[in-house]
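*Asks:* My questions all concern the structure below.
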Amino acid sequence: MRNITMTLPASLPFVMWGWRELLGLCKIKVVVVMLVCTAVGMALATPGLPPMSNVLFGLAGIGLASCGAAAFNHVVDRHLDAVMTRTSRRPVASKRLPVPVALSWASLLSVMGVALLAWQVNQLTALLTFASLIGYALIYTAFLKRATPQNIVIGGVAGAAPPLLGWVAITGQISPEPLLLMLIIFAWTPPHFWALAIHKRDDYARAGIPMLPVTHGIPFTRLQIWLYGWLTVLTTLLPVMIGMSGILYLAIVLCLNARFMFWNWRVWRGQDPAAPIGAFWFSIRYLLGVFAALLLDHYAATLAW
Ligand code: HEM
Ligand SMILES: CC(C)=CCC/C(C)=C/CC/C(C)=C/COP(=O)(O)OP(=O)(O)O
């Protein structure tokens with residue numbers, strides 16, 4: 001008895017420390033934004049409210065699988081992460097968390113996420129989520145990231161999947177509308193990431209990762225951000241063109257697009273060294289804004305009926 005009361009409080013800090021490190025593998029903030037995009041995909045899939053059990057189990061399963069994918073990324077990239085200042089303090093890169101523990105955690109989250117989707121949502125959502133997981137954790141992280149400056153463009157397909165996953169979790173089938181939402185995130189990924197890559201160019205060069213600013217230089221990357229920025233803006237107009245969203249969405253998105261392109265223009269001009277990191281942070285608020293506008297417009301139209 002005495003032993004138990006002694007060991008329990010003594011082991012508590014270890015347990016707490018362990019959970020903090022394990023959560024640190026999950027890229028929680030990125031996953032939360034992905035789940036917002038997933039939830040919007042779910043909402044837009046049906047005129048009224050989507051079935052609550054599909055929403056809850058869908059978000060839980062997709063969230064767990066995304067955290068699992070992020071944890072695999074920490075394991076696969078540990079040697080690269082250790083070299084870059086931005087990532088060197090990560091749990092596996094800094095050797096605070098042993099690789100087998102991180103691998104078990106990544107596998108547990110991934111299996112739980114995909115199994116939950118197959119069991120409580122539908123097979124197609126489970127399959128597409130599994131494909132996104134493999135796309136990010138294996139194809140992007142283990143191969144593309146080290147192989148080509150187009151890594152994030154191709155790998156962006158996996159990151160762009162959340163609205164499709166959300167839609168399929170409700171309807172059980174793939175339709176053009178969620179593919180269009182996916183296209184918005186796909187086009188947005190290069191301005192989102194390359195802005196950060198310009199800011200952290202030396203980090204990527206030191207780690208030998210062929211990101212665009214390293215292989216083709218910063219002026220060329222600035223131009224690509226400007227061009228992909230315009231492509232993103234065009235994709236955000238497609239929901240209106242196909243009658244999926246209305247005037248409220250258009251009004252909000254025009255304002256967001258003006259601000260987004262102002263940041264991208266500042267990056268393109270290349271006169272302000274703080275512009276790339278500013279554009280990176282704005283890109284996240286921009287994406288959240290576009291998806292919030294889709295949601296708002298959808299429910300405003302439903303209420304008007
Ligand atoms: C292949 C596609 C993508 C690449 C290469 C990429 C890259 C990155 C990188 C390198 C960071 C910095 C992370 C850090 O400092 O820990 C970041 C941050 C972030 N990304 Fe992305 N990203 C991608 C797709 C996405 C998608 C699809 C979303 C959401 C739908 C997203 C949302 C975010 C958010 C919210 C942050 C800020 C995290 C924080 O505050 O710590 N990203 N991204
Ligand atoms: C199931 C599903 C939807 C999976 C998607 C999983 C997921 C968390 C994607 C995030 C995209 C992202 C942050 C890429 C950066 O990786 P990086 O290795 O280039 O960045 P880093 O250097 O910060 O690790």
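Residues in the structure tokens are named by chain (A, B, ... in the order shown) and by number from 1 within that chain; ligands are numbered from 1 in the order shown.
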Name the residues in contact with range 228-242 of chain A at a cut-off of 7 Å, using only C-alpha atoms, excluding same-chain residues fewer than 4 positions from it; report them as a PyMOL selection string.
*Replies:* chain A and resi 183-184+187-188+190-191+224+246+250+257+261+264
*Asks:* Store the residues picked out above in a file with C-alpha atoms, as a short mmCIF file (atom, residue, chain, number, x, y, z; two decimals), in the first residue's frame.
*Replies:*
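New file result_26.cif:
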data_model
loop_
_atom_site.label_atom_id
_atom_site.label_comp_id
_atom_site.auth_asym_id
_atom_site.auth_seq_id
_atom_site.Cartn_x
_atom_site.Cartn_y
_atom_site.Cartn_z
CA LEU A 183 -9.14 22.79 -55.68
CA ILE A 184 -9.24 26.00 -53.60
CA ALA A 187 -4.16 26.27 -55.35
CA TRP A 188 -3.70 28.01 -51.97
CA PRO A 190 1.95 27.11 -52.80
CA PRO A 191 1.40 30.75 -51.69
CA GLN A 224 5.27 31.75 -58.37
CA GLY A 246 -24.32 33.17 -53.56
CA LEU A 250 -18.99 36.55 -53.14
CA ASN A 257 -9.06 38.11 -52.06
CA MET A 261 -3.40 39.54 -53.24
CA ASN A 264 1.15 38.36 -52.37
#
*Asks:* Ligand 2: which residues are within 9 Å, counting only C-alpha atoms and all ligand atoms? Reply as JSON, numbers by chain.
*Replies:* {"A": [26, 27, 28, 30, 31, 34, 35, 62, 63, 64, 65, 66, 67, 68, 69, 70, 71, 73, 74, 77, 80, 81, 84, 86, 87, 110, 113, 114, 128, 129, 130, 131, 132, 133, 134, 135, 136, 137, 140, 141, 145, 151, 152, 155, 156, 158, 159, 160, 161, 162, 165, 193]}
*Asks:* So the first atom is atom 11 (C, counted along the ligand's line) of ligand 1 and the second is CA of Leu196 in chain A; what is the distance between them in Å, to one decimal place?
*Replies:*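 So the answer is 7.3 Å.
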*Asks:* Out of A:Arg201, A:Arg146, A:Arg20, A:His192, which residue has the shortest atom-to-atom distance to ligand 1 when counting only C-alpha atoms and all ligand atoms?
*Replies:* A:His192
*Asks:* Quick one: pull the distance between CA of Gln173 in chain A and CA of Thr125 in chain A, Å, one decimal.
*Replies:*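 Spanning CA of Gln173 in chain A to CA of Thr125 in chain A is a straight-line distance of 8.7 Å.
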*Asks:* Tell me, in Å to one decimal, how far atom 9 (C, counted along the ligand's line) of ligand 1 is from CA of Ala45 in chain A.
*Replies:* 29.0 Å
*Asks:* Of the residues A:Leu294, A:Leu303, A:Leu109, A:Leu59, which is the one nearest to Val253 in chain A, using only C-alpha atoms?
*Replies:* A:Leu294
*Asks:* With distances taken over only C-alpha atoms, which of A:Ala205, A:His79, A:Ala39, A:Ala147 is nearest to Met52 in chain A?
*Replies:*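 So, comparing all the options, the nearest one is A:Ala39.
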*Asks:* Considering only C-alpha atoms, can you say which of A:Ala60, A:Val99, A:Val83, A:Leu288 comes closest to Asp202 in chain A?
*Replies:* A:Val83
*Asks:* Range 83-264 of chain A: which residues are helix (DSSP H, G or I) by DSSP, as a compact mmCIF listing (two decimals) with C-alpha atoms, in the first residue's frame?
*Replies:*
# COMPACT_ATOMS: atom_id res chain seq x y z
CA VAL A 83 19.07 20.39 -38.65
CA VAL A 99 11.36 6.55 -32.22
CA PRO A 100 9.48 3.32 -31.25
CA VAL A 101 7.20 5.29 -28.91
CA ALA A 102 6.47 7.90 -31.60
CA LEU A 103 5.90 5.18 -34.22
CA SER A 104 3.49 3.31 -31.95
CA TRP A 105 1.62 6.55 -31.24
CA ALA A 106 1.40 7.41 -34.96
CA SER A 107 0.16 3.90 -35.79
CA LEU A 108 -2.38 3.89 -32.95
CA LEU A 109 -3.87 7.25 -34.00
CA SER A 110 -3.98 6.25 -37.69
CA VAL A 111 -5.56 2.83 -37.11
CA MET A 112 -8.10 4.27 -34.64
CA GLY A 113 -9.01 7.09 -37.06
CA VAL A 114 -9.46 4.95 -40.18
CA ALA A 115 -11.21 2.13 -38.24
CA LEU A 116 -13.63 4.60 -36.64
CA LEU A 117 -14.52 5.97 -40.08
CA ALA A 118 -15.03 2.50 -41.57
CA TRP A 119 -17.11 1.38 -38.58
CA GLN A 120 -19.27 4.45 -37.88
CA GLN A 123 -16.07 2.79 -46.27
CA LEU A 124 -15.37 5.48 -48.89
CA THR A 125 -14.48 8.11 -46.26
CA ALA A 126 -12.20 5.59 -44.55
CA LEU A 127 -10.53 4.74 -47.87
CA LEU A 128 -10.02 8.38 -48.94
CA THR A 129 -8.72 9.32 -45.49
CA PHE A 130 -6.29 6.40 -45.59
CA ALA A 131 -5.16 7.53 -49.07
CA SER A 132 -4.57 11.10 -47.76
CA LEU A 133 -2.63 9.71 -44.82
CA ILE A 134 -0.37 7.68 -47.12
CA GLY A 135 -0.15 10.68 -49.49
CA TYR A 136 1.17 12.94 -46.74
CA ALA A 137 3.09 10.63 -44.41
CA LEU A 138 4.71 8.46 -47.06
CA ILE A 139 4.53 9.95 -50.58
CA TYR A 140 5.11 13.60 -49.62
CA THR A 141 7.28 13.20 -46.52
CA ALA A 142 9.45 10.22 -47.40
CA PHE A 143 9.82 10.80 -51.16
CA LEU A 144 8.62 14.06 -52.73
CA LYS A 145 9.95 16.39 -50.04
CA ARG A 146 13.50 15.16 -50.68
CA ALA A 147 13.16 14.76 -54.43
CA ASN A 151 6.99 18.49 -53.60
CA ILE A 152 4.38 20.72 -51.97
CA VAL A 153 2.38 21.17 -55.18
CA ILE A 154 1.94 17.41 -55.64
CA GLY A 155 1.80 16.71 -51.88
CA GLY A 156 -0.79 19.46 -51.60
CA VAL A 157 -3.42 17.00 -52.91
CA ALA A 158 -3.36 15.18 -49.53
CA GLY A 159 -3.53 18.42 -47.55
CA PRO A 162 -10.44 17.59 -45.90
CA PRO A 163 -13.52 19.20 -47.56
CA LEU A 164 -13.90 16.14 -49.81
CA LEU A 165 -13.56 13.83 -46.80
CA GLY A 166 -16.22 15.84 -44.97
CA TRP A 167 -18.62 15.77 -47.93
CA VAL A 168 -18.17 12.01 -48.46
CA ALA A 169 -18.69 11.38 -44.72
CA ILE A 170 -22.22 12.75 -45.18
CA THR A 171 -23.21 11.59 -48.67
CA PRO A 176 -17.95 17.87 -58.30
CA GLU A 177 -18.72 20.42 -55.53
CA PRO A 178 -16.27 19.08 -52.91
CA LEU A 179 -13.64 18.59 -55.63
CA LEU A 180 -13.96 22.29 -56.28
CA LEU A 181 -13.44 23.05 -52.57
CA MET A 182 -10.41 20.79 -52.70
CA LEU A 183 -9.14 22.79 -55.68
CA ILE A 184 -9.24 26.00 -53.60
CA ILE A 185 -6.93 24.49 -50.94
CA PHE A 186 -4.75 22.91 -53.63
CA ALA A 187 -4.16 26.27 -55.35
CA TRP A 188 -3.70 28.01 -51.97
CA THR A 189 -0.96 25.64 -50.75
CA PRO A 190 1.95 27.11 -52.80
CA PRO A 191 1.40 30.75 -51.69
CA HIS A 192 0.86 29.44 -48.14
CA PHE A 193 4.01 27.36 -47.99
CA TRP A 194 6.45 29.12 -50.31
CA ALA A 195 6.00 32.36 -48.34
CA LEU A 196 7.29 30.50 -45.27
CA ALA A 197 9.96 28.75 -47.34
CA ILE A 198 11.36 32.15 -48.45
CA HIS A 199 11.50 33.26 -44.82
CA ARG A 201 15.26 29.50 -46.97
CA ASP A 202 18.58 29.06 -45.16
CA ASP A 203 17.08 26.41 -42.87
CA TYR A 204 15.94 24.38 -45.89
CA ALA A 205 19.28 24.87 -47.66
CA ARG A 206 21.19 23.66 -44.58
CA ALA A 207 18.99 20.55 -44.36
CA LEU A 212 11.71 26.16 -54.48
CA PRO A 213 13.61 29.14 -52.96
CA VAL A 214 16.66 26.86 -52.56
CA THR A 215 16.60 25.29 -56.03
CA ILE A 218 13.88 33.70 -54.10
CA PRO A 219 12.87 36.00 -57.04
CA PHE A 220 11.47 33.02 -58.99
CA THR A 221 9.59 31.81 -55.87
CA ARG A 222 8.14 35.30 -55.38
CA LEU A 223 6.79 35.21 -58.93
CA GLN A 224 5.27 31.75 -58.37
CA ILE A 225 3.53 32.98 -55.22
CA TRP A 226 2.05 35.87 -57.20
CA LEU A 227 0.83 33.53 -59.99
CA TYR A 228 -0.55 30.82 -57.67
CA GLY A 229 -2.17 33.64 -55.69
CA TRP A 230 -4.16 34.60 -58.80
CA LEU A 231 -5.02 30.96 -59.42
CA THR A 232 -6.31 30.70 -55.83
CA VAL A 233 -8.43 33.82 -56.28
CA LEU A 234 -9.93 32.34 -59.47
CA THR A 235 -10.76 29.03 -57.76
CA THR A 236 -12.60 30.89 -54.97
CA LEU A 237 -14.94 32.34 -57.62
CA LEU A 238 -15.91 28.91 -58.96
CA PRO A 239 -18.50 28.15 -56.22
CA VAL A 240 -20.44 31.23 -57.37
CA MET A 241 -20.07 30.31 -61.06
CA ILE A 247 -23.86 36.89 -53.18
CA LEU A 248 -22.96 36.85 -49.46
CA TYR A 249 -20.06 34.46 -50.15
CA LEU A 250 -18.99 36.55 -53.14
CA ALA A 251 -18.96 39.78 -51.13
CA ILE A 252 -16.84 38.31 -48.32
CA VAL A 253 -14.49 36.50 -50.65
CA LEU A 254 -13.84 39.58 -52.79
CA CYS A 255 -12.64 41.43 -49.68
CA LEU A 256 -10.51 38.48 -48.57
CA ASN A 257 -9.06 38.11 -52.06
CA ALA A 258 -8.10 41.80 -52.19
CA ARG A 259 -6.19 41.45 -48.90
CA PHE A 260 -4.64 38.11 -49.93
CA MET A 261 -3.40 39.54 -53.24
CA PHE A 262 -2.11 42.65 -51.48
CA TRP A 263 0.11 40.40 -49.33
CA ASN A 264 1.15 38.36 -52.37
*Asks:* My list of candidates is A:Ser175, A:Thr302, A:Thr46, A:Thr38. Which is closest to ligand 1 when distances are computed with only C-alpha atoms and all ligand atoms?
*Replies:*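 Checking each candidate against ligand 1, we get A:Thr38 as the closest.
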*Asks:* Nearest to Val75 in chain A: which of A:Leu22, A:Val40, A:Ala300, A:Val32 is it, counting only C-alpha atoms?
*Replies:*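 Among A:Leu22, A:Val40, A:Ala300, A:Val32, it is A:Leu22 that comes nearest to Val75 in chain A.
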